[in-house]
Amino acid sequence: MFKNVTGRTADDAWRLAYAAVRSTTSAQVNPTRGNSRELHHVTVSISDPRQRWVVSRNPPLNPAFALAEVVWILQGRSDLAFLEAWNGRLSAFTGNSPQLHGAYGARLRAKYGIDQLQRTFLALRAKPFNRQAVLQIWSAIDDLPGEDGLPRDTDIPCNVVSMLKVLDDKLEWLQVMRSNDVILGLPYNLVQWTTLQEIFAGWLGLQVGTYNHVSDSLHLYERDMASFTAAALQPAINNDDLALPYEESQHVLAATEAAIEAIARLDSPAALESTITDSHVPQAYLNWLWVMACERLRRNRDYQGAKTFATRLTNPALIQAWGLWSARQGGVHR
């Protein structure tokens, strides 16, 4: 039986999904990662996917890491280093290989000898009512366990496929996941794929439709139950518009990627500000870069500099997300 969760915003839907998993009596025993509570065949539907930030998770999300993941995917990358600059604990989940086996972006843009994002854009532009627009991430050749049941790699992709459809001049998105941690994974997944949905809709000159997410295993490890709660905060409005024509979008994403790489290496507020202003990207993407610079300064223990840079943000949703994250971190370097 399917368990259906719906909400207007990602935060609305996440709180319901979290409550459902936490309250279930269905348990799974995992000898390597510990026991978990688990629901199977869960659908999460969001009617306004642009309101993508889950702010009720406590402790809060790291917005810089979430945005770095988005750029990493869109730019077809597989390197651990780009992400580890914003999440030093990532290798505990992915393994220590410098190139990640299950990297979503590399699989979508290069691995199978085709840029799936570009091909799907062209196909839907030519025939908007196409029912064959499927983005493949999981691969039987690369990811199916061996006959002994052992995984092929530490980093097997949890995302399986994305299915895109144009309905009533809106881009609908269905994301299918084989396995999904409701605390550590789902809030970030909602940022990732709703952002791709909005950007992809911009390529096609469409509005954003609903976002629908299938988790075949939505779970919560018992070790995390005492550390995480749902705070039921009111999400601030995300007023940034990421929509751009395809060619312009490629240039903006490349400039954003280059700026993020530079920000990860810089220490001086003046150098960081120069890098951001010299990127010449639209305001929505400038907001991304200001978040990255705030996090860079925080990690350098320049808390006043991070506070000053945060005043450059113009998106209430990112102001809120950054404020929650920085308040939680305080003077702690992580």
# chains A, B, ... in the order shown; residues from 1 in each chain; ligands from 1
>>> residues_around(residues="Trp138 of chain A", least_positions_apart="4", cutoff="8 Å", atoms="only C-alpha atoms", output="NGL selection string")
:A and (102 or 142-143 or 157-161)
>>> write_last_selection(atoms="N, CA, C and O atoms", output="PDB file, in the first residue's frame")
ATOM      1  N   GLY A 102      28.459   6.929  -7.610  1.00  0.00           N
ATOM      2  CA  GLY A 102      27.050   7.172  -7.899  1.00  0.00           C
ATOM      3  C   GLY A 102      26.696   8.611  -8.182  1.00  0.00           C
ATOM      4  O   GLY A 102      25.518   8.975  -8.091  1.00  0.00           O
ATOM      5  N   ASP A 142      26.051  -1.009 -13.406  1.00  0.00           N
ATOM      6  CA  ASP A 142      26.936  -0.401 -12.413  1.00  0.00           C
ATOM      7  C   ASP A 142      26.522  -0.645 -10.971  1.00  0.00           C
ATOM      8  O   ASP A 142      27.370  -0.594 -10.077  1.00  0.00           O
ATOM      9  N   ASP A 143      25.217  -0.882 -10.737  1.00  0.00           N
ATOM     10  CA  ASP A 143      24.713  -0.773  -9.371  1.00  0.00           C
ATOM     11  C   ASP A 143      24.008  -2.001  -8.811  1.00  0.00           C
ATOM     12  O   ASP A 143      23.776  -2.068  -7.604  1.00  0.00           O
ATOM     13  N   PRO A 157      23.809   4.936  -6.008  1.00  0.00           N
ATOM     14  CA  PRO A 157      22.834   6.028  -6.022  1.00  0.00           C
ATOM     15  C   PRO A 157      21.481   5.618  -5.436  1.00  0.00           C
ATOM     16  O   PRO A 157      20.951   4.559  -5.761  1.00  0.00           O
ATOM     17  N   CYS A 158      20.970   6.485  -4.578  1.00  0.00           N
ATOM     18  CA  CYS A 158      19.637   6.270  -4.014  1.00  0.00           C
ATOM     19  C   CYS A 158      18.551   6.713  -4.984  1.00  0.00           C
ATOM     20  O   CYS A 158      17.459   6.171  -4.992  1.00  0.00           O
ATOM     21  N   ASN A 159      18.870   7.727  -5.797  1.00  0.00           N
ATOM     22  CA  ASN A 159      17.934   8.161  -6.834  1.00  0.00           C
ATOM     23  C   ASN A 159      18.007   7.212  -8.019  1.00  0.00           C
ATOM     24  O   ASN A 159      19.101   6.816  -8.443  1.00  0.00           O
ATOM     25  N   VAL A 160      16.864   6.833  -8.544  1.00  0.00           N
ATOM     26  CA  VAL A 160      16.787   5.861  -9.629  1.00  0.00           C
ATOM     27  C   VAL A 160      16.513   6.542 -10.971  1.00  0.00           C
ATOM     28  O   VAL A 160      17.295   6.416 -11.915  1.00  0.00           O
ATOM     29  N   VAL A 161      15.406   7.252 -11.065  1.00  0.00           N
ATOM     30  CA  VAL A 161      15.043   7.941 -12.307  1.00  0.00           C
ATOM     31  C   VAL A 161      14.285   9.222 -11.982  1.00  0.00           C
ATOM     32  O   VAL A 161      13.710   9.372 -10.896  1.00  0.00           O
TER      33      VAL A 161
END
>>> closest_atom_pairs(of="segment 115-192 of chain A", to="segment 87-99 of chain A", cutoff="12 Å", atoms="only C-alpha atoms", output="CSV")
residue,atom,partner,partner_atom,distance
A:Asp153,CA,A:Gly95,CA,8.7
A:Thr154,CA,A:Gly95,CA,5.8
A:Asp155,CA,A:Thr94,CA,4.9
A:Ile156,CA,A:Thr94,CA,8.4
A:Pro157,CA,A:Thr94,CA,9.8
A:Cys158,CA,A:Thr94,CA,11.4
A:Asp181,CA,A:Phe93,CA,11.9
A:Leu184,CA,A:Phe93,CA,10.6
A:Gly185,CA,A:Phe93,CA,11.1
>>> select_by_dssp(residues="segment 29-163 of chain A", states="strand (DSSP E)", output="PyMOL selection string")
chain A and resi 36-46+57-58+134-136+159-163
>>> write_last_selection(atoms="N, CA, C and O atoms", output="CSV table (one decimal), in the first residue's frame")
chain,number,residue,atom,x,y,z
A,36,SER,N,16.4,0.8,12.3
A,36,SER,CA,15.7,2.0,11.8
A,36,SER,C,14.2,1.7,11.8
A,36,SER,O,13.7,0.6,11.8
A,37,ARG,N,13.4,2.8,11.8
A,37,ARG,CA,12.0,2.8,11.5
A,37,ARG,C,11.8,3.1,10.1
A,37,ARG,O,12.5,4.0,9.5
A,38,GLU,N,10.9,2.4,9.4
A,38,GLU,CA,10.8,2.4,8.0
A,38,GLU,C,9.4,2.3,7.5
A,38,GLU,O,8.6,1.6,8.0
A,39,LEU,N,9.1,3.2,6.5
A,39,LEU,CA,7.9,3.1,5.7
A,39,LEU,C,8.2,2.8,4.3
A,39,LEU,O,9.2,3.3,3.7
A,40,HIS,N,7.4,1.9,3.6
A,40,HIS,CA,7.7,1.6,2.2
A,40,HIS,C,6.6,2.2,1.3
A,40,HIS,O,5.5,2.5,1.7
A,41,HIS,N,7.0,2.5,0.1
A,41,HIS,CA,6.1,3.0,-1.0
A,41,HIS,C,5.5,4.3,-0.5
A,41,HIS,O,4.2,4.4,-0.5
A,42,VAL,N,6.3,5.3,-0.2
A,42,VAL,CA,5.8,6.6,0.2
A,42,VAL,C,5.9,7.6,-0.9
A,42,VAL,O,6.9,7.7,-1.6
A,43,THR,N,4.8,8.3,-1.1
A,43,THR,CA,4.8,9.4,-2.1
A,43,THR,C,4.7,10.7,-1.4
A,43,THR,O,3.9,10.9,-0.5
A,44,VAL,N,5.5,11.7,-1.8
A,44,VAL,CA,5.5,13.0,-1.3
A,44,VAL,C,5.2,14.0,-2.4
A,44,VAL,O,6.0,14.0,-3.4
A,45,SER,N,4.1,14.7,-2.3
A,45,SER,CA,3.7,15.6,-3.4
A,45,SER,C,3.7,17.1,-2.9
A,45,SER,O,3.2,17.3,-1.8
A,46,ILE,N,4.3,18.0,-3.7
A,46,ILE,CA,4.4,19.4,-3.3
A,46,ILE,C,3.8,20.2,-4.4
A,46,ILE,O,4.2,20.1,-5.6
A,57,ARG,N,13.3,21.2,10.1
A,57,ARG,CA,14.3,20.2,10.6
A,57,ARG,C,15.2,20.9,11.6
A,57,ARG,O,15.8,21.9,11.4
A,58,ASN,N,15.3,20.2,12.8
A,58,ASN,CA,16.2,20.7,13.8
A,58,ASN,C,17.1,19.6,14.3
A,58,ASN,O,16.6,18.6,14.8
A,134,VAL,N,12.6,10.5,-19.7
A,134,VAL,CA,13.0,9.8,-18.4
A,134,VAL,C,14.5,10.0,-18.3
A,134,VAL,O,15.3,9.7,-19.2
A,135,LEU,N,15.0,10.5,-17.2
A,135,LEU,CA,16.4,10.6,-16.9
A,135,LEU,C,16.8,9.4,-16.0
A,135,LEU,O,16.3,9.2,-14.9
A,136,GLN,N,17.8,8.7,-16.5
A,136,GLN,CA,18.3,7.5,-15.8
A,136,GLN,C,19.5,7.8,-14.9
A,136,GLN,O,20.5,8.4,-15.4
A,159,ASN,N,18.9,7.7,-5.8
A,159,ASN,CA,17.9,8.2,-6.8
A,159,ASN,C,18.0,7.2,-8.0
A,159,ASN,O,19.1,6.8,-8.4
A,160,VAL,N,16.9,6.8,-8.5
A,160,VAL,CA,16.8,5.9,-9.6
A,160,VAL,C,16.5,6.5,-11.0
A,160,VAL,O,17.3,6.4,-11.9
A,161,VAL,N,15.4,7.3,-11.1
A,161,VAL,CA,15.0,7.9,-12.3
A,161,VAL,C,14.3,9.2,-12.0
A,161,VAL,O,13.7,9.4,-10.9
A,162,SER,N,14.3,10.1,-13.0
A,162,SER,CA,13.4,11.3,-13.0
A,162,SER,C,12.5,11.2,-14.2
A,162,SER,O,13.0,10.9,-15.3
A,163,MET,N,11.2,11.5,-14.0
A,163,MET,CA,10.3,11.5,-15.1
A,163,MET,C,9.7,12.9,-15.3
A,163,MET,O,9.1,13.4,-14.3
>>> residues_around(residues="segment 227-229 of chain A", least_positions_apart="2", cutoff="12 Å", atoms="only C-alpha atoms", output="MDAnalysis selection string")
chainID A and resid 14:15 18:19 22 55:61 182:184 220:225 231:233
>>> atom_distance(atom1="atom CA of Asp79 of chain A", atom2="atom CA of Glu261 of chain A")
12.1 Å
>>> residues_around(residues="segment 115-126 of chain A", least_positions_apart="2", cutoff="10 Å", atoms="only C-alpha atoms", output="mmCIF file with all heavy atoms, in the first residue's frame")
data_model
loop_
_atom_site.group_PDB
_atom_site.id
_atom_site.type_symbol
_atom_site.label_atom_id
_atom_site.label_comp_id
_atom_site.auth_asym_id
_atom_site.auth_seq_id
_atom_site.Cartn_x
_atom_site.Cartn_y
_atom_site.Cartn_z
ATOM 1 N N LEU A 74 24.080 19.737 -11.696
ATOM 2 C CA LEU A 74 23.800 20.399 -12.973
ATOM 3 C C LEU A 74 25.033 20.476 -13.868
ATOM 4 O O LEU A 74 24.912 20.461 -15.095
ATOM 5 C CB LEU A 74 23.261 21.801 -12.716
ATOM 6 C CG LEU A 74 21.785 21.880 -12.335
ATOM 7 C CD1 LEU A 74 21.462 23.232 -11.714
ATOM 8 C CD2 LEU A 74 20.905 21.618 -13.551
ATOM 9 N N GLY A 76 27.415 18.240 -13.969
ATOM 10 C CA GLY A 76 27.873 16.907 -14.357
ATOM 11 C C GLY A 76 29.123 16.439 -13.643
ATOM 12 O O GLY A 76 29.885 15.642 -14.182
ATOM 13 N N GLY A 105 25.111 13.939 -11.158
ATOM 14 C CA GLY A 105 25.367 14.819 -12.285
ATOM 15 C C GLY A 105 26.165 14.156 -13.390
ATOM 16 O O GLY A 105 25.864 14.312 -14.579
ATOM 17 N N ALA A 106 27.211 13.408 -13.013
ATOM 18 C CA ALA A 106 28.030 12.724 -14.018
ATOM 19 C C ALA A 106 27.201 11.716 -14.788
ATOM 20 O O ALA A 106 27.382 11.539 -16.000
ATOM 21 C CB ALA A 106 29.219 12.046 -13.336
ATOM 22 N N ARG A 107 26.290 11.054 -14.105
ATOM 23 C CA ARG A 107 25.442 10.073 -14.782
ATOM 24 C C ARG A 107 24.432 10.754 -15.708
ATOM 25 O O ARG A 107 24.107 10.237 -16.771
ATOM 26 C CB ARG A 107 24.732 9.198 -13.755
ATOM 27 C CG ARG A 107 25.724 8.300 -13.012
ATOM 28 C CD ARG A 107 25.043 7.321 -12.089
ATOM 29 N NE ARG A 107 26.031 6.435 -11.464
ATOM 30 C CZ ARG A 107 25.825 5.159 -11.210
ATOM 31 N NH1 ARG A 107 24.679 4.596 -11.528
ATOM 32 N NH2 ARG A 107 26.752 4.425 -10.620
ATOM 33 N N LEU A 108 23.945 11.909 -15.294
ATOM 34 C CA LEU A 108 22.958 12.604 -16.110
ATOM 35 C C LEU A 108 23.576 13.306 -17.319
ATOM 36 O O LEU A 108 22.948 13.418 -18.370
ATOM 37 C CB LEU A 108 22.210 13.634 -15.256
ATOM 38 C CG LEU A 108 21.236 13.073 -14.223
ATOM 39 C CD1 LEU A 108 20.692 14.186 -13.351
ATOM 40 C CD2 LEU A 108 20.103 12.310 -14.891
ATOM 41 N N ARG A 109 24.828 13.734 -17.193
ATOM 42 C CA ARG A 109 25.375 14.593 -18.246
ATOM 43 C C ARG A 109 26.463 13.945 -19.086
ATOM 44 O O ARG A 109 26.821 14.486 -20.137
ATOM 45 C CB ARG A 109 25.890 15.898 -17.642
ATOM 46 C CG ARG A 109 24.851 16.638 -16.805
ATOM 47 C CD ARG A 109 24.874 18.128 -17.015
ATOM 48 N NE ARG A 109 24.372 18.534 -18.330
ATOM 49 C CZ ARG A 109 23.992 19.774 -18.609
ATOM 50 N NH1 ARG A 109 24.054 20.718 -17.678
ATOM 51 N NH2 ARG A 109 23.573 20.087 -19.819
ATOM 52 N N ALA A 110 27.008 12.777 -18.624
ATOM 53 C CA ALA A 110 28.138 12.243 -19.391
ATOM 54 C C ALA A 110 28.275 10.730 -19.381
ATOM 55 O O ALA A 110 28.663 10.142 -20.390
ATOM 56 C CB ALA A 110 29.440 12.862 -18.866
ATOM 57 N N LYS A 111 27.976 10.076 -18.276
ATOM 58 C CA LYS A 111 28.417 8.701 -18.081
ATOM 59 C C LYS A 111 27.957 7.741 -19.170
ATOM 60 O O LYS A 111 28.709 6.860 -19.588
ATOM 61 C CB LYS A 111 27.955 8.183 -16.711
ATOM 62 C CG LYS A 111 28.429 6.758 -16.426
ATOM 63 C CD LYS A 111 28.049 6.316 -15.031
ATOM 64 C CE LYS A 111 28.444 4.871 -14.791
ATOM 65 N NZ LYS A 111 29.896 4.645 -14.860
ATOM 66 N N TYR A 112 26.753 7.862 -19.648
ATOM 67 C CA TYR A 112 26.218 6.896 -20.604
ATOM 68 C C TYR A 112 26.419 7.345 -22.050
ATOM 69 O O TYR A 112 25.699 6.899 -22.952
ATOM 70 C CB TYR A 112 24.748 6.634 -20.288
ATOM 71 C CG TYR A 112 24.550 6.152 -18.868
ATOM 72 C CD1 TYR A 112 23.877 6.932 -17.927
ATOM 73 C CD2 TYR A 112 25.090 4.933 -18.445
ATOM 74 C CE1 TYR A 112 23.724 6.503 -16.622
ATOM 75 C CE2 TYR A 112 24.944 4.505 -17.141
ATOM 76 C CZ TYR A 112 24.264 5.294 -16.231
ATOM 77 O OH TYR A 112 24.123 4.874 -14.926
ATOM 78 N N GLY A 113 27.384 8.247 -22.255
ATOM 79 C CA GLY A 113 27.681 8.699 -23.609
ATOM 80 C C GLY A 113 26.679 9.677 -24.156
ATOM 81 O O GLY A 113 26.611 9.895 -25.380
ATOM 82 N N PRO A 128 6.320 18.694 -26.786
ATOM 83 C CA PRO A 128 6.048 18.890 -25.356
ATOM 84 C C PRO A 128 5.226 17.774 -24.709
ATOM 85 O O PRO A 128 5.325 17.576 -23.500
ATOM 86 C CB PRO A 128 5.292 20.225 -25.325
ATOM 87 C CG PRO A 128 5.689 20.916 -26.592
ATOM 88 C CD PRO A 128 5.881 19.838 -27.602
ATOM 89 N N PHE A 129 4.436 17.061 -25.500
ATOM 90 C CA PHE A 129 3.579 16.031 -24.916
ATOM 91 C C PHE A 129 4.228 14.653 -24.934
ATOM 92 O O PHE A 129 3.557 13.634 -24.783
ATOM 93 C CB PHE A 129 2.225 16.021 -25.620
ATOM 94 C CG PHE A 129 1.542 17.356 -25.567
ATOM 95 C CD1 PHE A 129 1.420 18.151 -26.688
ATOM 96 C CD2 PHE A 129 1.054 17.838 -24.355
ATOM 97 C CE1 PHE A 129 0.809 19.394 -26.631
ATOM 98 C CE2 PHE A 129 0.436 19.075 -24.274
ATOM 99 C CZ PHE A 129 0.319 19.854 -25.411
ATOM 100 N N ASN A 130 5.538 14.633 -25.094
ATOM 101 C CA ASN A 130 6.296 13.386 -25.099
ATOM 102 C C ASN A 130 6.175 12.678 -23.753
ATOM 103 O O ASN A 130 6.329 13.300 -22.694
ATOM 104 C CB ASN A 130 7.768 13.711 -25.401
ATOM 105 C CG ASN A 130 8.536 12.513 -25.894
ATOM 106 O OD1 ASN A 130 8.428 11.430 -25.341
ATOM 107 N ND2 ASN A 130 9.323 12.722 -26.942
ATOM 108 N N ARG A 131 5.932 11.380 -23.783
ATOM 109 C CA ARG A 131 5.844 10.579 -22.553
ATOM 110 C C ARG A 131 7.100 9.755 -22.305
ATOM 111 O O ARG A 131 7.107 8.868 -21.454
ATOM 112 C CB ARG A 131 4.632 9.652 -22.630
ATOM 113 C CG ARG A 131 3.298 10.382 -22.701
ATOM 114 C CD ARG A 131 2.167 9.405 -22.950
ATOM 115 N NE ARG A 131 0.873 10.075 -22.993
ATOM 116 C CZ ARG A 131 -0.255 9.494 -23.412
ATOM 117 N NH1 ARG A 131 -0.228 8.242 -23.840
ATOM 118 N NH2 ARG A 131 -1.388 10.175 -23.411
ATOM 119 N N GLN A 132 8.146 10.049 -23.060
ATOM 120 C CA GLN A 132 9.371 9.252 -22.963
ATOM 121 C C GLN A 132 10.532 10.009 -22.312
ATOM 122 O O GLN A 132 11.677 9.574 -22.392
ATOM 123 C CB GLN A 132 9.777 8.776 -24.354
ATOM 124 C CG GLN A 132 8.717 7.910 -25.016
ATOM 125 C CD GLN A 132 9.070 7.545 -26.451
ATOM 126 O OE1 GLN A 132 10.214 7.675 -26.870
ATOM 127 N NE2 GLN A 132 8.076 7.091 -27.200
ATOM 128 N N ALA A 133 10.241 11.125 -21.669
ATOM 129 C CA ALA A 133 11.291 11.945 -21.051
ATOM 130 C C ALA A 133 11.641 11.376 -19.676
ATOM 131 O O ALA A 133 11.062 11.749 -18.650
ATOM 132 C CB ALA A 133 10.831 13.391 -20.940
ATOM 133 N N VAL A 134 12.596 10.462 -19.675
ATOM 134 C CA VAL A 134 13.031 9.782 -18.440
ATOM 135 C C VAL A 134 14.538 9.966 -18.301
ATOM 136 O O VAL A 134 15.306 9.656 -19.218
ATOM 137 C CB VAL A 134 12.693 8.277 -18.475
ATOM 138 C CG1 VAL A 134 13.200 7.594 -17.220
ATOM 139 C CG2 VAL A 134 11.189 8.083 -18.633
ATOM 140 N N LEU A 135 14.970 10.470 -17.156
ATOM 141 C CA LEU A 135 16.386 10.632 -16.853
ATOM 142 C C LEU A 135 16.841 9.444 -16.009
ATOM 143 O O LEU A 135 16.305 9.198 -14.935
ATOM 144 C CB LEU A 135 16.631 11.935 -16.086
ATOM 145 C CG LEU A 135 16.123 13.220 -16.747
ATOM 146 C CD1 LEU A 135 16.318 14.402 -15.805
ATOM 147 C CD2 LEU A 135 16.825 13.460 -18.073
ATOM 148 N N GLN A 136 17.836 8.706 -16.509
ATOM 149 C CA GLN A 136 18.308 7.496 -15.828
ATOM 150 C C GLN A 136 19.508 7.822 -14.944
ATOM 151 O O GLN A 136 20.494 8.410 -15.390
ATOM 152 C CB GLN A 136 18.720 6.431 -16.845
ATOM 153 C CG GLN A 136 19.303 5.171 -16.206
ATOM 154 C CD GLN A 136 19.876 4.214 -17.221
ATOM 155 O OE1 GLN A 136 19.736 4.400 -18.413
ATOM 156 N NE2 GLN A 136 20.556 3.189 -16.744
ATOM 157 N N ILE A 137 19.431 7.392 -13.697
ATOM 158 C CA ILE A 137 20.552 7.548 -12.768
ATOM 159 C C ILE A 137 21.086 6.174 -12.360
ATOM 160 O O ILE A 137 22.249 5.866 -12.580
ATOM 161 C CB ILE A 137 20.129 8.363 -11.527
ATOM 162 C CG1 ILE A 137 19.652 9.763 -11.950
ATOM 163 C CG2 ILE A 137 21.279 8.457 -10.524
ATOM 164 C CD1 ILE A 137 19.014 10.556 -10.837
ATOM 165 N N LEU A 164 9.803 13.435 -16.491
ATOM 166 C CA LEU A 164 9.361 14.796 -16.757
ATOM 167 C C LEU A 164 8.197 14.759 -17.733
ATOM 168 O O LEU A 164 8.244 14.038 -18.740
ATOM 169 C CB LEU A 164 10.503 15.626 -17.357
ATOM 170 C CG LEU A 164 11.663 16.039 -16.449
ATOM 171 C CD1 LEU A 164 12.448 14.854 -15.919
ATOM 172 C CD2 LEU A 164 12.590 16.986 -17.191
ATOM 173 N N LYS A 165 7.163 15.550 -17.440
ATOM 174 C CA LYS A 165 6.022 15.659 -18.342
ATOM 175 C C LYS A 165 5.527 17.087 -18.368
ATOM 176 O O LYS A 165 5.551 17.785 -17.346
ATOM 177 C CB LYS A 165 4.897 14.712 -17.925
ATOM 178 C CG LYS A 165 5.200 13.256 -18.230
ATOM 179 C CD LYS A 165 4.013 12.364 -17.961
ATOM 180 C CE LYS A 165 4.308 10.938 -18.432
ATOM 181 N NZ LYS A 165 5.468 10.335 -17.748
ATOM 182 N N VAL A 166 5.074 17.501 -19.537
ATOM 183 C CA VAL A 166 4.490 18.824 -19.710
ATOM 184 C C VAL A 166 2.977 18.674 -19.685
ATOM 185 O O VAL A 166 2.397 17.975 -20.521
ATOM 186 C CB VAL A 166 4.940 19.470 -21.033
ATOM 187 C CG1 VAL A 166 4.252 20.824 -21.226
ATOM 188 C CG2 VAL A 166 6.458 19.632 -21.047
ATOM 189 N N LEU A 171 5.744 22.199 -16.154
ATOM 190 C CA LEU A 171 6.615 21.028 -16.115
ATOM 191 C C LEU A 171 6.394 20.272 -14.815
ATOM 192 O O LEU A 171 6.680 20.767 -13.725
ATOM 193 C CB LEU A 171 8.090 21.446 -16.212
ATOM 194 C CG LEU A 171 9.087 20.271 -16.205
ATOM 195 C CD1 LEU A 171 8.929 19.410 -17.454
ATOM 196 C CD2 LEU A 171 10.521 20.774 -16.069
ATOM 197 N N LEU A 196 16.258 21.629 -9.954
ATOM 198 C CA LEU A 196 16.387 21.171 -11.345
ATOM 199 C C LEU A 196 15.079 21.346 -12.095
ATOM 200 O O LEU A 196 15.069 21.735 -13.270
ATOM 201 C CB LEU A 196 16.838 19.713 -11.384
ATOM 202 C CG LEU A 196 18.349 19.510 -11.598
ATOM 203 C CD1 LEU A 196 19.138 19.891 -10.364
ATOM 204 C CD2 LEU A 196 18.655 18.083 -12.011
ATOM 205 N N PHE A 200 14.910 23.590 -15.369
ATOM 206 C CA PHE A 200 14.502 22.892 -16.594
ATOM 207 C C PHE A 200 13.248 23.533 -17.180
ATOM 208 O O PHE A 200 13.135 23.702 -18.402
ATOM 209 C CB PHE A 200 14.256 21.414 -16.280
ATOM 210 C CG PHE A 200 14.561 20.490 -17.418
ATOM 211 C CD1 PHE A 200 15.667 19.677 -17.394
ATOM 212 C CD2 PHE A 200 13.722 20.419 -18.522
ATOM 213 C CE1 PHE A 200 15.961 18.819 -18.438
ATOM 214 C CE2 PHE A 200 13.991 19.564 -19.573
ATOM 215 C CZ PHE A 200 15.121 18.753 -19.533
ATOM 216 N N ALA A 201 12.310 23.911 -16.317
ATOM 217 C CA ALA A 201 11.104 24.589 -16.803
ATOM 218 C C ALA A 201 11.475 25.898 -17.485
ATOM 219 O O ALA A 201 10.894 26.268 -18.516
ATOM 220 C CB ALA A 201 10.142 24.849 -15.642
ATOM 221 N N TRP A 203 14.240 26.498 -19.112
ATOM 222 C CA TRP A 203 14.778 26.167 -20.442
ATOM 223 C C TRP A 203 13.653 26.044 -21.464
ATOM 224 O O TRP A 203 13.805 26.432 -22.621
ATOM 225 C CB TRP A 203 15.552 24.855 -20.395
ATOM 226 C CG TRP A 203 16.782 24.868 -19.540
ATOM 227 C CD1 TRP A 203 17.379 25.945 -18.956
ATOM 228 C CD2 TRP A 203 17.568 23.731 -19.185
ATOM 229 N NE1 TRP A 203 18.491 25.541 -18.247
ATOM 230 C CE2 TRP A 203 18.632 24.196 -18.373
ATOM 231 C CE3 TRP A 203 17.487 22.367 -19.446
ATOM 232 C CZ2 TRP A 203 19.604 23.340 -17.841
ATOM 233 C CZ3 TRP A 203 18.442 21.509 -18.930
ATOM 234 C CH2 TRP A 203 19.498 21.995 -18.129
ATOM 235 N N LEU A 204 12.540 25.483 -21.018
ATOM 236 C CA LEU A 204 11.424 25.214 -21.918
ATOM 237 C C LEU A 204 10.430 26.377 -21.996
ATOM 238 O O LEU A 204 9.459 26.302 -22.762
ATOM 239 C CB LEU A 204 10.692 23.948 -21.456
ATOM 240 C CG LEU A 204 11.472 22.640 -21.588
ATOM 241 C CD1 LEU A 204 10.810 21.528 -20.787
ATOM 242 C CD2 LEU A 204 11.621 22.237 -23.048
ATOM 243 N N GLY A 205 10.646 27.416 -21.195
ATOM 244 C CA GLY A 205 9.714 28.534 -21.176
ATOM 245 C C GLY A 205 8.384 28.184 -20.547
ATOM 246 O O GLY A 205 7.341 28.737 -20.913
ATOM 247 N N TYR A 246 17.902 28.178 -22.279
ATOM 248 C CA TYR A 246 18.902 27.119 -22.134
ATOM 249 C C TYR A 246 20.329 27.640 -22.277
ATOM 250 O O TYR A 246 21.173 27.380 -21.404
ATOM 251 C CB TYR A 246 18.647 26.002 -23.157
ATOM 252 C CG TYR A 246 19.658 24.879 -23.061
ATOM 253 C CD1 TYR A 246 19.525 23.890 -22.096
ATOM 254 C CD2 TYR A 246 20.753 24.819 -23.924
ATOM 255 C CE1 TYR A 246 20.462 22.872 -21.981
ATOM 256 C CE2 TYR A 246 21.686 23.803 -23.820
ATOM 257 C CZ TYR A 246 21.543 22.830 -22.846
ATOM 258 O OH TYR A 246 22.476 21.827 -22.732
#
>>> atom_distance(atom1="atom CA of Gln207 of chain A", atom2="atom CA of Asn4 of chain A")
24.5 Å
>>> atom_distance(atom1="atom CA of Asn287 of chain A", atom2="atom CA of Ala310 of chain A")
9.4 Å
>>> select_by_dssp(residues="segment 92-234 of chain A", states="helix (DSSP H, G or I)", output="MDAnalysis selection string")
chainID A and resid 92:94 104:111 116:126 140:143 186:204 222:225
>>> write_last_selection(atoms="C-alpha atoms", output="CSV table (one decimal), in the first residue's frame")
chain,number,residue,atom,x,y,z
A,92,ALA,CA,31.6,8.9,5.9
A,93,PHE,CA,28.5,8.2,3.7
A,94,THR,CA,30.1,8.0,0.2
A,104,TYR,CA,24.1,12.0,-10.1
A,105,GLY,CA,25.4,14.8,-12.3
A,106,ALA,CA,28.0,12.7,-14.0
A,107,ARG,CA,25.4,10.1,-14.8
A,108,LEU,CA,23.0,12.6,-16.1
A,109,ARG,CA,25.4,14.6,-18.2
A,110,ALA,CA,28.1,12.2,-19.4
A,111,LYS,CA,28.4,8.7,-18.1
A,116,GLN,CA,20.5,13.4,-20.7
A,117,LEU,CA,19.6,16.9,-19.6
A,118,GLN,CA,20.3,18.4,-23.0
A,119,ARG,CA,18.6,15.6,-24.9
A,120,THR,CA,15.5,15.7,-22.8
A,121,PHE,CA,15.3,19.5,-23.1
A,122,LEU,CA,15.5,19.2,-26.9
A,123,ALA,CA,13.0,16.4,-27.0
A,124,LEU,CA,10.4,18.2,-24.9
A,125,ARG,CA,11.0,21.4,-26.8
A,126,ALA,CA,10.2,19.6,-30.0
A,140,ALA,CA,21.9,-2.4,-13.5
A,141,ILE,CA,25.4,-2.7,-15.0
A,142,ASP,CA,26.9,-0.4,-12.4
A,143,ASP,CA,24.7,-0.8,-9.4
A,186,LEU,CA,15.0,13.9,2.0
A,187,PRO,CA,15.3,17.7,2.9
A,188,TYR,CA,18.4,17.9,0.6
A,189,ASN,CA,16.8,15.8,-2.1
A,190,LEU,CA,13.8,18.2,-2.2
A,191,VAL,CA,16.1,21.2,-2.7
A,192,GLN,CA,18.1,19.3,-5.4
A,193,TRP,CA,15.3,18.1,-7.6
A,194,THR,CA,12.8,21.0,-7.3
A,195,THR,CA,15.7,23.3,-8.3
A,196,LEU,CA,16.4,21.2,-11.3
A,197,GLN,CA,12.7,21.2,-12.1
A,198,GLU,CA,12.5,25.0,-12.0
A,199,ILE,CA,15.7,25.5,-14.1
A,200,PHE,CA,14.5,22.9,-16.6
A,201,ALA,CA,11.1,24.6,-16.8
A,202,GLY,CA,12.9,27.8,-17.6
A,203,TRP,CA,14.8,26.2,-20.4
A,204,LEU,CA,11.4,25.2,-21.9
A,222,GLU,CA,17.2,5.0,15.7
A,223,ARG,CA,20.6,6.5,16.4
A,224,ASP,CA,19.3,9.8,15.0
A,225,MET,CA,16.0,10.0,16.8
